[in-house]
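Down below is the structure, laid out as structure tokens.
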Amino acid sequence: PAGLRFGYGTNGFANHRLDDALAVLADLGYQGVALTLDHDHLDPFAPGLAGRVAAVRRRLADLGLAVVIETGARYLLDPWHKHAPTLLHDDPARRIEFLRRAVRVGADLGAEAVSFWAGVRPAGVDPQVAWDRLVAGCAVAVEAAEAAGVPLGFEPEPGMLVEDIAGWRRLRAALGEPAAFGLTLDIGHCRCLEPVSVPQCVYDVGPHLVNVQIDDMRRGVHEHLEFGTGEIDFPPVLRALADVGYRGLVAVELPRHSHAAPSVAATSLDFLRAAERAGAAVGGEPTRAR
């Protein structure tokens, strides 16, 4: 491979100040960060946002870190209900405002992408109504992203209204296939529920990738695992990312490992570098992306 760029998600550094988390990741040798906007990590609803964004931009530049914006904060919008409201709720206004702010923050930070997902269909909401709400909300996000010049990476998430690549394709078609509406691919999710192999998933969606999350996982179980503790063979996956010409961040996604963040981040980077070297020796002709 011509050199993948590895990053790490700040949702796996929830017990660190953002400034400290960035410094640790840079010291370890990561080239980027997947920044989840949250209470303690660049809260987009707290006062003084412009000044705080400017400070983070300077810090990222000083440390040589690229950035993507993630919007999966659990209780940022509602202290009682995880991830609520989503675009599928009766009143999605706060979620829509959050996405607008995330796009603006992404533009100001020079982010490579802003990532988001559908959410779980609320009880009592008809599936067609939920779908219509999702399309409408995504259209607003696309409009904001186009105006700001920031790509969107929509992430299929197991258990959510759009949980697989086929669902993302359907949603993209419903939006008119806008150029700004790319794909965030979580490598673990591919093993969890996609019908084809993980490398084949990468080949199939290569032209649409704007953001990649990486973690280990087992078939049928949505649990983000440290590398080597699940079922994924990573060298062919990293070779596939190189083969399709992906140049964005490949960011470790371990949101439940903050208790041991520095050590987990260190071992994760060692694993990925070794897997990348092994992937360079993987033979065979790649399947063409489509």
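Identifiers in the structure tokens: chain A, B, ... in order shown; residue index from 1 per chain; ligand index from 1 in order shown.
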
Excluding Gly159 of chain A and any residue of its chain fewer than 4 positions from it, enumerate the residues within 10 Å of it, using only C-alpha atoms, and give them as an mmCIF file with all heavy atoms, in the first residue's frame.
data_model
loop_
_atom_site.group_PDB
_atom_site.id
_atom_site.type_symbol
_atom_site.label_atom_id
_atom_site.label_comp_id
_atom_site.auth_asym_id
_atom_site.auth_seq_id
_atom_site.Cartn_x
_atom_site.Cartn_y
_atom_site.Cartn_z
ATOM 1 N N GLY A 119 -30.050 6.963 13.018
ATOM 2 C CA GLY A 119 -30.722 6.792 14.291
ATOM 3 C C GLY A 119 -31.668 5.597 14.257
ATOM 4 O O GLY A 119 -32.009 5.063 13.192
ATOM 5 N N VAL A 120 -32.076 5.169 15.428
ATOM 6 C CA VAL A 120 -33.020 4.063 15.580
ATOM 7 C C VAL A 120 -34.440 4.595 15.425
ATOM 8 O O VAL A 120 -34.777 5.645 15.967
ATOM 9 C CB VAL A 120 -32.844 3.397 16.960
ATOM 10 C CG1 VAL A 120 -33.871 2.289 17.166
ATOM 11 C CG2 VAL A 120 -31.418 2.862 17.120
ATOM 12 N N ARG A 121 -35.271 3.869 14.693
ATOM 13 C CA ARG A 121 -36.665 4.299 14.506
ATOM 14 C C ARG A 121 -37.378 4.305 15.856
ATOM 15 O O ARG A 121 -37.443 3.278 16.534
ATOM 16 C CB ARG A 121 -37.378 3.375 13.523
ATOM 17 C CG ARG A 121 -38.850 3.738 13.292
ATOM 18 C CD ARG A 121 -39.434 2.954 12.131
ATOM 19 N NE ARG A 121 -39.428 1.528 12.383
ATOM 20 C CZ ARG A 121 -40.424 0.856 12.985
ATOM 21 N NH1 ARG A 121 -41.510 1.512 13.426
ATOM 22 N NH2 ARG A 121 -40.340 -0.445 13.159
ATOM 23 N N GLU A 163 -28.800 0.575 8.157
ATOM 24 C CA GLU A 163 -27.782 -0.189 8.880
ATOM 25 C C GLU A 163 -26.756 -0.851 7.985
ATOM 26 O O GLU A 163 -25.773 -1.415 8.479
ATOM 27 C CB GLU A 163 -28.434 -1.235 9.769
ATOM 28 C CG GLU A 163 -29.168 -2.348 9.041
ATOM 29 C CD GLU A 163 -29.688 -3.410 9.996
ATOM 30 O OE1 GLU A 163 -29.526 -3.245 11.231
ATOM 31 O OE2 GLU A 163 -30.245 -4.417 9.514
ATOM 32 N N ASP A 164 -26.934 -0.801 6.675
ATOM 33 C CA ASP A 164 -25.995 -1.478 5.794
ATOM 34 C C ASP A 164 -25.752 -0.658 4.529
ATOM 35 O O ASP A 164 -26.377 0.381 4.304
ATOM 36 C CB ASP A 164 -26.481 -2.883 5.446
ATOM 37 C CG ASP A 164 -27.886 -2.905 4.848
ATOM 38 O OD1 ASP A 164 -28.352 -1.848 4.365
ATOM 39 O OD2 ASP A 164 -28.518 -3.981 4.851
ATOM 40 N N HIS A 222 -22.859 -6.496 17.436
ATOM 41 C CA HIS A 222 -22.399 -5.119 17.267
ATOM 42 C C HIS A 222 -21.649 -4.683 18.523
ATOM 43 O O HIS A 222 -22.184 -4.002 19.402
ATOM 44 C CB HIS A 222 -23.580 -4.186 16.995
ATOM 45 C CG HIS A 222 -23.167 -2.779 16.725
ATOM 46 N ND1 HIS A 222 -24.001 -1.696 16.913
ATOM 47 C CD2 HIS A 222 -21.997 -2.265 16.278
ATOM 48 C CE1 HIS A 222 -23.360 -0.585 16.592
ATOM 49 N NE2 HIS A 222 -22.144 -0.914 16.205
#

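Counting only C-alpha atoms, segment 74-90 of chain A has the following residues at most 9 Å away, ignoring those fewer than 6 positions along the same chain: A:Leu37, A:Asp38, A:His39, A:Asp43, A:Phe45, A:Ile96, A:Phe98, A:Trp117, A:Ala118, A:Gly119, A:Val120, A:Arg121, A:Pro122, A:Val125, A:Val129, A:Ala130, A:Trp131, A:Asp132, A:Arg133, A:Leu134, A:Val135, A:Ala136, A:Gly137, A:Cys138, A:Leu161.
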
For Leu18 of chain A, which residue out of A:Val56, A:Ala73, A:Val264, A:Val68 is the nearest one, using only C-alpha atoms?
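The shortest atom-to-atom distance to Leu18 of chain A comes from A:Val56.
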
As a ChimeraX atom specification, please: the residues near segment 110-112 of chain A (cut-off 8 Å, only C-alpha atoms, same-chain neighbours under 4 positions excluded).
/A:57,66-69,106,150-151,210,248

Print the selection's residues with C-alpha atoms to a file, as a compact mmCIF listing (two decimals), in the first residue's frame.
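Dumped to out27.txt:
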# COMPACT_ATOMS: atom_id res chain seq x y z
CA ARG A 57 -7.46 24.42 14.57
CA ALA A 66 -5.79 15.90 10.10
CA VAL A 67 -9.39 15.79 11.33
CA VAL A 68 -12.83 14.44 10.55
CA ILE A 69 -15.90 15.42 12.55
CA GLY A 106 -15.83 21.08 10.13
CA VAL A 150 -17.37 19.90 3.38
CA PRO A 151 -18.11 16.28 2.35
CA VAL A 210 -14.90 9.83 2.53
CA GLY A 248 -8.79 9.72 3.87

At what distance in Å, to one decimal, does atom CA of Ala141 of chain A lie from atom CA of Arg172 of chain A?
12.7 Å

I'd like the neighbourhood of Pro195 of chain A as a list in words, where a residue qualifies if any of its atoms comes within 12 Å (using only C-alpha atoms), though same-chain residues fewer than 2 positions away should be ignored.
Asp164, Ile165, Ala166, His189, Cys190, Arg191, Cys192, Leu193, Ser197, Val198, Pro199, Gln200, Cys201, Arg219 and Gly220 of chain A

Could you turn the residues from that selection into a file that holds C-alpha atoms, as a tab-separated table (two decimals), in the first residue's frame?
chain	number	residue	atom	x	y	z
A	164	ASP	CA	-26.00	-1.48	5.79
A	165	ILE	CA	-24.45	-0.42	2.49
A	166	ALA	CA	-27.61	-1.30	0.57
A	189	HIS	CA	-19.88	-3.22	10.83
A	190	CYS	CA	-19.02	-4.94	7.55
A	191	ARG	CA	-18.09	-8.10	9.44
A	192	CYS	CA	-21.12	-7.74	11.71
A	193	LEU	CA	-23.84	-7.78	9.06
A	197	SER	CA	-16.51	-10.23	2.83
A	198	VAL	CA	-15.02	-7.16	4.47
A	199	PRO	CA	-12.49	-6.51	1.67
A	200	GLN	CA	-15.27	-6.90	-0.90
A	201	CYS	CA	-17.29	-4.23	0.93
A	219	ARG	CA	-20.48	-11.77	12.98
A	220	GLY	CA	-23.92	-10.77	14.24

Using only C-alpha atoms, pick whichever of A:Arg58, A:Arg101, A:Arg5, A:Arg94 has the shortest atom-to-atom distance to Val252 of chain A.
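Closest candidate: A:Arg5.
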
Neighbouring residues of Ala50 of chain A were defined as those with any atom within 12 Å, considering only C-alpha atoms; residues of the same chain fewer than 2 positions away were excluded. Please report them as a PyMOL selection string.
chain A and resi 42-48+52-57+101+104-109

Store the residues of this selection in a file with C-alpha atoms, as a compact mmCIF listing (two decimals), in the first residue's frame.
# COMPACT_ATOMS: atom_id res chain seq x y z
CA LEU A 42 -15.50 21.10 21.53
CA ASP A 43 -19.15 21.37 22.57
CA PRO A 44 -20.88 23.12 19.66
CA PHE A 45 -23.59 24.54 21.94
CA ALA A 46 -21.32 26.08 24.59
CA PRO A 47 -20.42 29.79 24.56
CA GLY A 48 -17.42 31.08 22.67
CA ARG A 52 -12.57 27.49 20.78
CA VAL A 53 -12.69 26.23 17.19
CA ALA A 54 -9.85 28.57 16.23
CA ALA A 55 -7.76 27.27 19.14
CA VAL A 56 -8.38 23.64 18.16
CA ARG A 57 -7.46 24.42 14.57
CA ARG A 101 -23.13 23.39 13.53
CA ARG A 104 -19.66 24.80 10.19
CA VAL A 105 -17.13 23.52 12.72
CA GLY A 106 -15.83 21.08 10.13
CA ALA A 107 -15.39 23.86 7.59
CA ASP A 108 -13.58 26.06 10.11
CA LEU A 109 -11.26 23.22 11.12

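Coordinates place atom CA of Ala261 of chain A at a distance of 15.1 Å from atom CA of Thr36 of chain A.
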
Write out as a list of chain:residue names which residues come within 8 Å of Gly230 of chain A when counting only C-alpha atoms, dropping same-chain ones fewer than 6 positions away.
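Those residues are A:Asp216, A:Met217, A:Arg218.
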
Which is closer to His224 of chain A than all the others in A:Ile187, A:Met160, A:Val140, A:Leu152, using only C-alpha atoms?
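Of A:Ile187, A:Met160, A:Val140, A:Leu152, the one nearest His224 of chain A, counting only C-alpha atoms, is A:Ile187.
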
Apply DSSP to the structure's backbone, then extract all residues of segment 75-177 of chain A labelled alpha helix (DSSP H) and return them as a VMD selection string.
chain A and resid 93 to 109 127 to 148 165 to 174

Atom CA of Gly3 of chain A and atom CA of Leu238 of chain A, how far apart in Å?
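Here the two named atoms are 9.8 Å from each other.
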
Determine, counting only C-alpha atoms, which protein, DNA and RNA residues have an atom within 10 Å of an atom of Val205 of chain A; residues of the same chain fewer than 2 positions away are not included. Present the result as a VMD selection string.
chain A and resid 165 169 182 to 183 185 200 to 203 207 to 209 244 288 to 290

Using the chain letters and numbers from this document, which residues of segment 53-184 of chain A does DSSP assign to strand (DSSP E or B), as a compact mmCIF listing (two decimals) with all heavy atoms, in the first residue's frame?
# COMPACT_ATOMS: atom_id res chain seq x y z
N ALA A 66 -4.58 15.69 10.90
CA ALA A 66 -5.79 15.90 10.10
C ALA A 66 -7.00 15.60 10.97
O ALA A 66 -6.88 15.01 12.06
CB ALA A 66 -5.77 15.00 8.87
N VAL A 67 -8.21 15.97 10.50
CA VAL A 67 -9.39 15.79 11.33
C VAL A 67 -10.61 15.48 10.49
O VAL A 67 -10.77 15.98 9.37
CB VAL A 67 -9.64 17.06 12.20
CG1 VAL A 67 -9.94 18.27 11.34
CG2 VAL A 67 -10.75 16.82 13.22
N VAL A 68 -11.45 14.61 11.01
CA VAL A 68 -12.83 14.44 10.55
C VAL A 68 -13.73 14.70 11.75
O VAL A 68 -13.30 14.54 12.90
CB VAL A 68 -13.09 13.04 9.96
CG1 VAL A 68 -12.25 12.79 8.73
CG2 VAL A 68 -12.86 11.96 11.01
N ILE A 69 -14.94 15.13 11.48
CA ILE A 69 -15.90 15.42 12.55
C ILE A 69 -16.90 14.28 12.67
O ILE A 69 -17.51 13.85 11.68
CB ILE A 69 -16.66 16.74 12.26
CG1 ILE A 69 -15.69 17.91 12.21
CG2 ILE A 69 -17.74 16.98 13.33
CD1 ILE A 69 -14.95 18.19 13.49
N GLU A 70 -17.06 13.78 13.89
CA GLU A 70 -18.05 12.75 14.19
C GLU A 70 -19.16 13.36 15.06
O GLU A 70 -18.90 14.25 15.87
CB GLU A 70 -17.39 11.59 14.94
CG GLU A 70 -16.34 10.85 14.14
CD GLU A 70 -16.92 9.87 13.13
OE1 GLU A 70 -18.15 9.65 13.16
OE2 GLU A 70 -16.14 9.34 12.31
N VAL A 114 -17.58 15.28 7.51
CA VAL A 114 -18.45 15.30 8.68
C VAL A 114 -19.31 14.05 8.61
O VAL A 114 -20.01 13.82 7.62
CB VAL A 114 -19.33 16.56 8.72
CG1 VAL A 114 -20.35 16.46 9.86
CG2 VAL A 114 -18.48 17.81 8.89
N SER A 115 -19.24 13.23 9.64
CA SER A 115 -19.91 11.94 9.64
C SER A 115 -21.15 11.97 10.51
O SER A 115 -21.17 12.58 11.59
CB SER A 115 -18.94 10.86 10.17
OG SER A 115 -19.51 9.58 10.11
N PHE A 116 -22.21 11.29 10.04
CA PHE A 116 -23.45 11.18 10.82
C PHE A 116 -24.20 9.93 10.40
O PHE A 116 -23.79 9.23 9.48
CB PHE A 116 -24.31 12.44 10.68
CG PHE A 116 -24.99 12.61 9.34
CD1 PHE A 116 -26.38 12.59 9.23
CD2 PHE A 116 -24.26 12.83 8.17
CE1 PHE A 116 -27.00 12.76 8.01
CE2 PHE A 116 -24.87 13.01 6.95
CZ PHE A 116 -26.26 12.97 6.85
N LEU A 152 -19.97 15.10 3.34
CA LEU A 152 -20.67 14.34 4.36
C LEU A 152 -20.34 12.87 4.20
O LEU A 152 -20.30 12.35 3.08
CB LEU A 152 -22.18 14.52 4.25
CG LEU A 152 -22.75 15.90 4.55
CD1 LEU A 152 -24.25 15.91 4.26
CD2 LEU A 152 -22.50 16.29 6.00
N GLY A 153 -20.14 12.20 5.32
CA GLY A 153 -19.97 10.76 5.31
C GLY A 153 -21.10 10.14 6.11
O GLY A 153 -21.12 10.23 7.34
N PHE A 154 -22.07 9.54 5.43
CA PHE A 154 -23.20 8.91 6.13
C PHE A 154 -22.79 7.49 6.52
O PHE A 154 -22.33 6.71 5.68
CB PHE A 154 -24.44 8.88 5.25
CG PHE A 154 -25.67 8.39 5.96
CD1 PHE A 154 -26.52 9.28 6.58
CD2 PHE A 154 -25.95 7.03 6.04
CE1 PHE A 154 -27.65 8.83 7.26
CE2 PHE A 154 -27.06 6.57 6.73
CZ PHE A 154 -27.92 7.48 7.33
N PHE A 181 -22.68 13.80 -0.63
CA PHE A 181 -23.20 12.74 0.25
C PHE A 181 -22.39 11.47 0.04
O PHE A 181 -22.71 10.61 -0.78
CB PHE A 181 -24.68 12.49 -0.04
CG PHE A 181 -25.37 11.64 0.99
CD1 PHE A 181 -25.75 12.18 2.21
CD2 PHE A 181 -25.66 10.31 0.74
CE1 PHE A 181 -26.41 11.41 3.16
CE2 PHE A 181 -26.32 9.52 1.68
CZ PHE A 181 -26.70 10.08 2.89
N GLY A 182 -21.28 11.36 0.78
CA GLY A 182 -20.41 10.20 0.69
C GLY A 182 -20.74 9.17 1.76
O GLY A 182 -21.79 9.22 2.41
N LEU A 183 -19.81 8.26 1.94
CA LEU A 183 -20.02 7.13 2.85
C LEU A 183 -18.95 7.09 3.92
O LEU A 183 -17.75 7.21 3.63
CB LEU A 183 -19.98 5.82 2.05
CG LEU A 183 -20.07 4.52 2.85
CD1 LEU A 183 -21.43 4.37 3.52
CD2 LEU A 183 -19.80 3.31 1.95
N THR A 184 -19.38 6.94 5.17
CA THR A 184 -18.50 6.54 6.26
C THR A 184 -18.64 5.03 6.42
O THR A 184 -19.74 4.53 6.69
CB THR A 184 -18.88 7.23 7.58
OG1 THR A 184 -18.55 8.61 7.51
CG2 THR A 184 -18.12 6.62 8.76

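Minimum distance to Leu225 of chain A across A:Leu60, A:Glu276, A:Gly176, A:Gly12 (counting only C-alpha atoms) occurs at A:Gly12.
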
Let me make sure I understand: among A:Ala26, A:Ala102, A:Ala275, A:Leu4, which one has the smallest atom-to-atom distance to Ile232 of chain A if we use only C-alpha atoms?
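Nearest candidate to Ile232 of chain A out of A:Ala26, A:Ala102, A:Ala275, A:Leu4: A:Ala275.
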